[in-house]
$ cat input-v8.txt   # compact mmCIF, N, CA and C atoms
# COMPACT_ATOMS: atom_id res chain seq x y z
N MET C 293 44.20 -9.85 49.11
CA MET C 293 43.05 -8.99 48.91
C MET C 293 43.50 -7.54 48.74
N GLY C 294 42.62 -6.77 48.12
CA GLY C 294 42.89 -5.37 47.91
C GLY C 294 42.47 -4.52 49.10
N ALA C 295 42.20 -3.27 48.83
CA ALA C 295 41.79 -2.33 49.87
C ALA C 295 40.49 -2.80 50.53
N MET C 296 40.34 -2.42 51.80
CA MET C 296 39.12 -2.78 52.52
C MET C 296 38.13 -1.62 52.46
N ILE C 297 36.89 -1.94 52.08
CA ILE C 297 35.81 -0.96 51.99
C ILE C 297 34.77 -1.29 53.03
N LEU C 298 34.35 -0.30 53.79
CA LEU C 298 33.23 -0.44 54.71
C LEU C 298 31.98 0.02 53.97
N LEU C 299 31.02 -0.88 53.82
CA LEU C 299 29.77 -0.62 53.11
C LEU C 299 28.67 -0.49 54.15
N VAL C 300 28.07 0.70 54.24
CA VAL C 300 27.08 0.99 55.27
C VAL C 300 25.75 1.32 54.60
N ASP C 301 24.77 0.42 54.75
CA ASP C 301 23.45 0.61 54.15
C ASP C 301 22.48 -0.31 54.88
N ASP C 302 21.25 0.16 55.06
CA ASP C 302 20.27 -0.66 55.78
C ASP C 302 19.48 -1.60 54.86
N GLU C 303 19.76 -1.60 53.57
CA GLU C 303 19.08 -2.50 52.64
C GLU C 303 19.96 -3.72 52.36
N PRO C 304 19.57 -4.90 52.89
CA PRO C 304 20.40 -6.10 52.71
C PRO C 304 20.65 -6.47 51.24
N ALA C 305 19.64 -6.33 50.39
CA ALA C 305 19.82 -6.69 48.98
C ALA C 305 20.84 -5.77 48.31
N PHE C 306 20.79 -4.48 48.64
CA PHE C 306 21.76 -3.55 48.09
C PHE C 306 23.16 -3.87 48.58
N ARG C 307 23.29 -4.17 49.87
CA ARG C 307 24.62 -4.53 50.41
C ARG C 307 25.16 -5.76 49.71
N LEU C 308 24.33 -6.76 49.52
CA LEU C 308 24.78 -7.99 48.87
C LEU C 308 25.27 -7.72 47.45
N ALA C 309 24.47 -7.02 46.66
CA ALA C 309 24.85 -6.75 45.27
C ALA C 309 26.12 -5.90 45.20
N THR C 310 26.21 -4.92 46.06
CA THR C 310 27.39 -4.04 46.05
C THR C 310 28.62 -4.78 46.53
N ARG C 311 28.47 -5.60 47.57
CA ARG C 311 29.60 -6.40 48.06
C ARG C 311 30.11 -7.34 46.97
N LEU C 312 29.20 -8.01 46.28
CA LEU C 312 29.62 -8.93 45.22
C LEU C 312 30.36 -8.19 44.11
N TYR C 313 29.87 -7.01 43.75
CA TYR C 313 30.56 -6.21 42.73
C TYR C 313 31.97 -5.83 43.21
N LEU C 314 32.06 -5.30 44.42
CA LEU C 314 33.35 -4.84 44.93
C LEU C 314 34.34 -5.99 45.11
N GLU C 315 33.86 -7.12 45.60
CA GLU C 315 34.74 -8.27 45.74
C GLU C 315 35.23 -8.75 44.38
N GLY C 316 34.37 -8.65 43.38
CA GLY C 316 34.78 -8.99 42.02
C GLY C 316 35.87 -8.08 41.49
N LYS C 317 35.94 -6.87 42.03
CA LYS C 317 36.98 -5.90 41.66
C LYS C 317 38.23 -6.05 42.53
N GLY C 318 38.21 -7.02 43.46
CA GLY C 318 39.38 -7.28 44.28
C GLY C 318 39.40 -6.60 45.64
N TYR C 319 38.31 -5.93 46.01
CA TYR C 319 38.25 -5.28 47.32
C TYR C 319 37.79 -6.27 48.39
N GLU C 320 38.24 -6.05 49.61
CA GLU C 320 37.71 -6.74 50.76
C GLU C 320 36.58 -5.85 51.29
N VAL C 321 35.44 -6.44 51.61
CA VAL C 321 34.27 -5.64 52.01
C VAL C 321 33.81 -6.05 53.41
N THR C 322 33.64 -5.04 54.26
CA THR C 322 33.02 -5.20 55.57
C THR C 322 31.70 -4.46 55.51
N GLU C 323 30.66 -5.05 56.09
CA GLU C 323 29.33 -4.44 56.02
C GLU C 323 28.85 -3.99 57.39
N ALA C 324 28.04 -2.92 57.37
CA ALA C 324 27.33 -2.46 58.55
C ALA C 324 25.91 -2.14 58.12
N GLU C 325 24.93 -2.58 58.93
CA GLU C 325 23.53 -2.42 58.55
C GLU C 325 22.93 -1.08 58.96
N ASP C 326 23.68 -0.30 59.73
CA ASP C 326 23.21 1.03 60.11
C ASP C 326 24.40 1.85 60.62
N GLY C 327 24.13 3.12 60.92
CA GLY C 327 25.19 4.01 61.34
C GLY C 327 25.83 3.64 62.66
N MET C 328 25.05 3.11 63.59
CA MET C 328 25.62 2.73 64.88
C MET C 328 26.62 1.59 64.71
N ALA C 329 26.26 0.58 63.91
CA ALA C 329 27.18 -0.53 63.65
C ALA C 329 28.43 -0.03 62.94
N ALA C 330 28.27 0.94 62.04
CA ALA C 330 29.42 1.50 61.34
C ALA C 330 30.37 2.20 62.31
N MET C 331 29.83 2.98 63.23
CA MET C 331 30.69 3.70 64.18
C MET C 331 31.43 2.73 65.09
N LYS C 332 30.80 1.62 65.45
CA LYS C 332 31.49 0.60 66.25
C LYS C 332 32.66 0.02 65.47
N LEU C 333 32.44 -0.27 64.19
CA LEU C 333 33.53 -0.80 63.37
C LEU C 333 34.65 0.22 63.20
N LEU C 334 34.29 1.49 63.05
CA LEU C 334 35.28 2.54 62.86
C LEU C 334 36.07 2.86 64.13
N ALA C 335 35.58 2.40 65.26
CA ALA C 335 36.28 2.61 66.53
C ALA C 335 37.25 1.47 66.83
N SER C 336 37.30 0.47 65.94
CA SER C 336 38.18 -0.67 66.17
C SER C 336 39.15 -0.83 65.00
N ASP C 337 39.99 -1.82 65.11
CA ASP C 337 40.94 -2.13 64.03
C ASP C 337 40.52 -3.41 63.35
N PRO C 338 40.85 -3.58 62.09
CA PRO C 338 41.53 -2.61 61.25
C PRO C 338 40.56 -1.58 60.70
N LEU C 339 41.09 -0.41 60.38
CA LEU C 339 40.28 0.63 59.76
C LEU C 339 40.11 0.33 58.28
N PRO C 340 38.97 0.70 57.72
CA PRO C 340 38.81 0.53 56.27
C PRO C 340 39.64 1.55 55.51
N ASP C 341 39.90 1.23 54.26
CA ASP C 341 40.59 2.18 53.39
C ASP C 341 39.62 3.19 52.78
N GLY C 342 38.34 2.84 52.75
CA GLY C 342 37.31 3.71 52.22
C GLY C 342 35.95 3.30 52.75
N VAL C 343 34.98 4.22 52.67
CA VAL C 343 33.64 3.97 53.18
C VAL C 343 32.62 4.36 52.12
N ILE C 344 31.64 3.49 51.91
CA ILE C 344 30.46 3.80 51.11
C ILE C 344 29.32 3.92 52.10
N LEU C 345 28.65 5.06 52.10
CA LEU C 345 27.76 5.40 53.20
C LEU C 345 26.40 5.89 52.69
N ASP C 346 25.34 5.21 53.14
CA ASP C 346 23.97 5.66 52.88
C ASP C 346 23.63 6.77 53.88
N ILE C 347 22.60 7.53 53.62
CA ILE C 347 22.22 8.60 54.54
C ILE C 347 21.04 8.19 55.42
N ASN C 348 19.96 7.73 54.82
CA ASN C 348 18.76 7.39 55.58
C ASN C 348 18.86 5.99 56.14
N MET C 349 19.15 5.91 57.42
CA MET C 349 19.26 4.62 58.11
C MET C 349 18.68 4.76 59.50
N PRO C 350 18.22 3.64 60.08
CA PRO C 350 17.70 3.71 61.45
C PRO C 350 18.82 3.97 62.46
N ARG C 351 18.46 4.45 63.60
CA ARG C 351 19.32 4.71 64.76
C ARG C 351 20.29 5.86 64.54
N VAL C 352 21.21 5.76 63.62
CA VAL C 352 22.21 6.81 63.37
C VAL C 352 22.30 7.04 61.87
N SER C 353 22.15 8.27 61.44
CA SER C 353 22.16 8.58 60.00
C SER C 353 23.57 8.57 59.42
N GLY C 354 23.65 8.51 58.10
CA GLY C 354 24.93 8.58 57.43
C GLY C 354 25.63 9.92 57.65
N ILE C 355 24.87 11.00 57.77
CA ILE C 355 25.46 12.31 58.05
C ILE C 355 26.15 12.28 59.41
N ASP C 356 25.52 11.63 60.39
CA ASP C 356 26.14 11.52 61.72
C ASP C 356 27.41 10.68 61.67
N VAL C 357 27.39 9.62 60.88
CA VAL C 357 28.60 8.79 60.73
C VAL C 357 29.70 9.60 60.07
N LEU C 358 29.35 10.38 59.06
CA LEU C 358 30.32 11.23 58.38
C LEU C 358 30.94 12.23 59.36
N SER C 359 30.12 12.85 60.20
CA SER C 359 30.63 13.77 61.21
C SER C 359 31.56 13.05 62.18
N PHE C 360 31.18 11.84 62.59
CA PHE C 360 32.00 11.02 63.48
C PHE C 360 33.36 10.74 62.84
N LEU C 361 33.35 10.35 61.58
CA LEU C 361 34.60 10.05 60.87
C LEU C 361 35.55 11.23 60.87
N HIS C 362 35.01 12.42 60.68
CA HIS C 362 35.86 13.60 60.57
C HIS C 362 36.15 14.27 61.91
N SER C 363 35.67 13.65 62.99
CA SER C 363 35.91 14.24 64.31
C SER C 363 37.19 13.74 64.96
N THR C 364 37.83 12.71 64.39
CA THR C 364 39.06 12.20 64.99
C THR C 364 40.17 12.12 63.95
N GLU C 365 41.36 12.35 64.42
CA GLU C 365 42.54 12.28 63.54
C GLU C 365 42.68 10.88 62.94
N ARG C 366 42.31 9.88 63.71
CA ARG C 366 42.48 8.48 63.30
C ARG C 366 41.68 8.13 62.04
N THR C 367 40.49 8.71 61.90
CA THR C 367 39.61 8.35 60.78
C THR C 367 39.36 9.49 59.80
N ARG C 368 39.90 10.63 60.07
CA ARG C 368 39.61 11.85 59.29
C ARG C 368 39.92 11.73 57.80
N ASN C 369 40.96 10.98 57.44
CA ASN C 369 41.39 10.94 56.04
C ASN C 369 40.86 9.73 55.26
N ILE C 370 39.95 8.98 55.84
CA ILE C 370 39.35 7.86 55.11
C ILE C 370 38.38 8.44 54.08
N PRO C 371 38.56 8.10 52.81
CA PRO C 371 37.65 8.64 51.80
C PRO C 371 36.24 8.07 51.96
N VAL C 372 35.24 8.96 51.77
CA VAL C 372 33.84 8.58 51.97
C VAL C 372 33.03 8.92 50.72
N VAL C 373 32.33 7.90 50.21
CA VAL C 373 31.37 8.07 49.12
C VAL C 373 29.98 8.02 49.74
N MET C 374 29.24 9.10 49.62
CA MET C 374 27.84 9.09 50.05
C MET C 374 27.05 8.56 48.86
N LEU C 375 26.41 7.41 49.06
CA LEU C 375 25.63 6.76 48.00
C LEU C 375 24.22 6.61 48.55
N THR C 376 23.30 7.45 48.06
CA THR C 376 22.02 7.61 48.72
C THR C 376 20.89 7.84 47.72
N ALA C 377 19.69 7.61 48.17
CA ALA C 377 18.51 7.93 47.36
C ALA C 377 18.13 9.40 47.51
N ARG C 378 18.74 10.10 48.45
CA ARG C 378 18.42 11.51 48.70
C ARG C 378 18.94 12.37 47.55
N ASP C 379 18.01 12.94 46.83
CA ASP C 379 18.33 13.72 45.64
C ASP C 379 17.91 15.18 45.83
N ASP C 380 18.27 15.75 46.99
CA ASP C 380 17.93 17.15 47.22
C ASP C 380 19.20 17.94 47.52
N ALA C 381 19.18 19.19 47.12
CA ALA C 381 20.36 20.04 47.24
C ALA C 381 20.79 20.24 48.69
N GLU C 382 19.83 20.34 49.60
CA GLU C 382 20.17 20.57 51.01
C GLU C 382 20.98 19.41 51.59
N THR C 383 20.56 18.18 51.32
CA THR C 383 21.28 17.01 51.83
C THR C 383 22.65 16.89 51.18
N GLU C 384 22.71 17.13 49.88
CA GLU C 384 24.00 17.06 49.20
C GLU C 384 24.96 18.11 49.73
N THR C 385 24.48 19.33 49.91
CA THR C 385 25.33 20.40 50.45
C THR C 385 25.82 20.06 51.85
N LEU C 386 24.93 19.53 52.69
CA LEU C 386 25.31 19.15 54.04
C LEU C 386 26.38 18.05 54.00
N SER C 387 26.24 17.10 53.09
CA SER C 387 27.22 16.01 52.97
C SER C 387 28.59 16.55 52.58
N TRP C 388 28.62 17.46 51.62
CA TRP C 388 29.90 18.07 51.23
C TRP C 388 30.47 18.86 52.40
N TYR C 389 29.63 19.61 53.09
CA TYR C 389 30.08 20.40 54.23
C TYR C 389 30.69 19.52 55.32
N GLU C 390 30.08 18.37 55.56
CA GLU C 390 30.56 17.45 56.60
C GLU C 390 31.80 16.68 56.16
N GLY C 391 32.18 16.79 54.87
CA GLY C 391 33.45 16.22 54.45
C GLY C 391 33.42 15.01 53.55
N CYS C 392 32.29 14.73 52.91
CA CYS C 392 32.30 13.59 52.00
C CYS C 392 33.24 13.88 50.82
N ASP C 393 33.74 12.84 50.22
CA ASP C 393 34.64 12.99 49.08
C ASP C 393 33.91 12.84 47.75
N TRP C 394 32.74 12.22 47.79
CA TRP C 394 31.93 12.07 46.59
C TRP C 394 30.48 11.86 47.01
N TYR C 395 29.55 12.48 46.30
CA TYR C 395 28.12 12.34 46.58
C TYR C 395 27.47 11.80 45.33
N GLN C 396 26.80 10.67 45.46
CA GLN C 396 26.16 10.04 44.30
C GLN C 396 24.77 9.58 44.68
N VAL C 397 23.81 9.92 43.84
CA VAL C 397 22.44 9.47 44.04
C VAL C 397 22.32 8.08 43.43
N LYS C 398 21.73 7.15 44.20
CA LYS C 398 21.52 5.79 43.71
C LYS C 398 20.58 5.82 42.52
N SER C 399 21.05 5.29 41.43
CA SER C 399 20.19 5.16 40.26
C SER C 399 19.61 3.75 40.26
N LYS C 400 18.59 3.54 39.50
CA LYS C 400 17.99 2.20 39.35
C LYS C 400 18.10 1.82 37.89
N PRO C 401 18.90 0.86 37.52
CA PRO C 401 19.82 0.12 38.39
C PRO C 401 21.06 0.95 38.69
N ILE C 402 21.74 0.54 39.73
CA ILE C 402 22.95 1.25 40.15
C ILE C 402 24.03 1.13 39.08
N GLU C 403 24.75 2.18 38.85
CA GLU C 403 25.84 2.19 37.87
C GLU C 403 27.12 1.77 38.59
N TYR C 404 27.31 0.45 38.71
CA TYR C 404 28.44 -0.05 39.49
C TYR C 404 29.79 0.30 38.87
N GLU C 405 29.88 0.35 37.56
CA GLU C 405 31.16 0.71 36.94
C GLU C 405 31.57 2.12 37.33
N ASP C 406 30.59 3.04 37.37
CA ASP C 406 30.89 4.42 37.80
C ASP C 406 31.34 4.44 39.25
N LEU C 407 30.62 3.70 40.10
CA LEU C 407 30.98 3.63 41.51
C LEU C 407 32.38 3.06 41.68
N GLY C 408 32.69 2.01 40.94
CA GLY C 408 34.02 1.39 41.02
C GLY C 408 35.12 2.37 40.63
N LEU C 409 34.88 3.16 39.60
CA LEU C 409 35.87 4.15 39.16
C LEU C 409 36.07 5.23 40.22
N VAL C 410 34.98 5.70 40.82
CA VAL C 410 35.08 6.72 41.87
C VAL C 410 35.89 6.18 43.04
N ILE C 411 35.59 4.96 43.47
CA ILE C 411 36.32 4.37 44.60
C ILE C 411 37.80 4.23 44.27
N GLU C 412 38.09 3.72 43.10
CA GLU C 412 39.49 3.55 42.70
C GLU C 412 40.24 4.88 42.73
N ARG C 413 39.65 5.92 42.19
CA ARG C 413 40.30 7.23 42.14
C ARG C 413 40.47 7.83 43.53
N LEU C 414 39.43 7.72 44.36
CA LEU C 414 39.54 8.27 45.72
C LEU C 414 40.62 7.57 46.52
N LEU C 415 40.70 6.26 46.38
CA LEU C 415 41.73 5.52 47.11
C LEU C 415 43.13 5.90 46.63
N GLN C 416 43.29 6.11 45.34
CA GLN C 416 44.58 6.55 44.81
C GLN C 416 44.95 7.93 45.32
N TYR C 417 43.98 8.82 45.35
CA TYR C 417 44.21 10.19 45.75
C TYR C 417 44.46 10.32 47.26
N LYS C 418 43.63 9.65 48.06
CA LYS C 418 43.71 9.79 49.51
C LYS C 418 44.75 8.87 50.15
N ASN C 419 45.06 7.75 49.48
CA ASN C 419 46.01 6.79 50.03
C ASN C 419 47.07 6.44 49.01
N PRO C 420 47.87 7.42 48.58
CA PRO C 420 48.88 7.11 47.55
C PRO C 420 49.88 6.08 48.04
N GLN C 421 50.29 5.20 47.13
CA GLN C 421 51.24 4.14 47.48
C GLN C 421 52.64 4.68 47.54

$ encode --input "input-v8.txt" --output "structure tokens"
Amino acid sequence: MGAMILLVDDEPAFRLATRLYLEGKGYEVTEAEDGMAAMKLLASDPLPDGVILDINMPRVSGIDVLSFLHSTERTRNIPVVMLTARDDAETETLSWYEGCDWYQVKSKPIEYEDLGLVIERLLQYKNPQ
């Protein structure tokens, strides 16, 4: 298997479609249905090579997960794609400030080829072989 991606989103249908796309590209995918589940996974091994993170989720938001990721040396360099329906400048600016590596608004339908290219490039840049 290829790199492991942690996919964090509270929409099961979106997680399923995205997981199937990523697995088709050779990635191993671990899913979390909300930010709290994501933080539990990020506190254990193995760590993902990259994270796709929604913002609006119950219990713990994607912004809080992003802050958590960048608060420890262990997870600080994991590339994070914020993939969200939030299309406002304030949320995007906050995401960049908190350390996301890419911010993308979910389109309908989602542009999976674009997402795949972003993930591939971030993994190459942040985790050179």

$ select_by_dssp --input "input-v8.txt" --residues "range 293-413 of chain C" --states "helix (DSSP H, G or I)" --output "ChimeraX atom specification"
/C:304-316,327-334,354-361,381-390,404-413

$ closest_residue --input "input-v8.txt" --among "C:Thr367, C:Asp302, C:Ala329, C:Ile297" --to "Met349 in chain C" --atoms "all atoms listed in the file"
C:Asp302

$ atom_distance --input "input-v8.txt" --atom1 "CA of Tyr417 in chain C" --atom2 "CA of Tyr319 in chain C"
16.7 Å

$ atom_distance --input "input-v8.txt" --atom1 "CA of Arg413 in chain C" --atom2 "CA of Arg366 in chain C"
21.3 Å

$ select_by_dssp --input "input-v8.txt" --residues "range 322-407 of chain C" --states "strand (DSSP E)" --output "PyMOL selection string"
chain C and resi 322-324+342-345+372-376+394-397

$ atom_distance --input "input-v8.txt" --atom1 "atom C of Arg378 in chain C" --atom2 "atom C of Tyr395 in chain C"
8.8 Å

$ closest_residue --input "input-v8.txt" --among "C:Thr383, C:Glu303, C:Gly342, C:Leu314" --to "Asp326 in chain C" --atoms "only C-alpha atoms"
C:Glu303

$ closest_residue --input "input-v8.txt" --among "C:Ile344, C:Val321, C:Cys392, C:Val410" --to "Val300 in chain C" --atoms "all atoms listed in the file"
C:Ile344

$ closest_residue --input "input-v8.txt" --among "C:Glu320, C:Asp301, C:Glu315, C:Glu405" --to "Ile347 in chain C" --atoms "only C-alpha atoms"
C:Asp301

$ residues_near_point --input "input-v8.txt" --point "(39.5, 0.7, 38.1)" --cutoff "6.5 Å" --atoms "only N, CA and C atoms" --output "list of chain:residue names"
C:Gly408, C:Leu409, C:Glu412

$ closest_residue --input "input-v8.txt" --among "C:Val352, C:Met296, C:Ala377, C:Val357" --to "Leu339 in chain C" --atoms "only N, CA and C atoms"
C:Met296

$ residues_near_point --input "input-v8.txt" --point "(26.4, 7.2, 61.5)" --cutoff "8 Å" --atoms "only N, CA and C atoms" --output "list in words"
Asp326, Gly327, Met328, Ala329, Ala330, Met331, Arg351, Val352, Ser353, Gly354, Ile355, Asp356, Val357, Leu358, Ser359, Phe360 and Leu361 of chain C

$ write_last_selection --input "input-v8.txt" --atoms "N, CA and C atoms" --output "short mmCIF file (atom, residue, chain, number, x, y, z; two decimals), keeping the file's coordinate frame"
data_model
loop_
_atom_site.label_atom_id
_atom_site.label_comp_id
_atom_site.auth_asym_id
_atom_site.auth_seq_id
_atom_site.Cartn_x
_atom_site.Cartn_y
_atom_site.Cartn_z
N ASP C 326 23.68 -0.30 59.73
CA ASP C 326 23.21 1.03 60.11
C ASP C 326 24.40 1.85 60.62
N GLY C 327 24.13 3.12 60.92
CA GLY C 327 25.19 4.01 61.34
C GLY C 327 25.83 3.64 62.66
N MET C 328 25.05 3.11 63.59
CA MET C 328 25.62 2.73 64.88
C MET C 328 26.62 1.59 64.71
N ALA C 329 26.26 0.58 63.91
CA ALA C 329 27.18 -0.53 63.65
C ALA C 329 28.43 -0.03 62.94
N ALA C 330 28.27 0.94 62.04
CA ALA C 330 29.42 1.50 61.34
C ALA C 330 30.37 2.20 62.31
N MET C 331 29.83 2.98 63.23
CA MET C 331 30.69 3.70 64.18
C MET C 331 31.43 2.73 65.09
N ARG C 351 18.46 4.45 63.60
CA ARG C 351 19.32 4.71 64.76
C ARG C 351 20.29 5.86 64.54
N VAL C 352 21.21 5.76 63.62
CA VAL C 352 22.21 6.81 63.37
C VAL C 352 22.30 7.04 61.87
N SER C 353 22.15 8.27 61.44
CA SER C 353 22.16 8.58 60.00
C SER C 353 23.57 8.57 59.42
N GLY C 354 23.65 8.51 58.10
CA GLY C 354 24.93 8.58 57.43
C GLY C 354 25.63 9.92 57.65
N ILE C 355 24.87 11.00 57.77
CA ILE C 355 25.46 12.31 58.05
C ILE C 355 26.15 12.28 59.41
N ASP C 356 25.52 11.63 60.39
CA ASP C 356 26.14 11.52 61.72
C ASP C 356 27.41 10.68 61.67
N VAL C 357 27.39 9.62 60.88
CA VAL C 357 28.60 8.79 60.73
C VAL C 357 29.70 9.60 60.07
N LEU C 358 29.35 10.38 59.06
CA LEU C 358 30.32 11.23 58.38
C LEU C 358 30.94 12.23 59.36
N SER C 359 30.12 12.85 60.20
CA SER C 359 30.63 13.77 61.21
C SER C 359 31.56 13.05 62.18
N PHE C 360 31.18 11.84 62.59
CA PHE C 360 32.00 11.02 63.48
C PHE C 360 33.36 10.74 62.84
N LEU C 361 33.35 10.35 61.58
CA LEU C 361 34.60 10.05 60.87
C LEU C 361 35.55 11.23 60.87
#
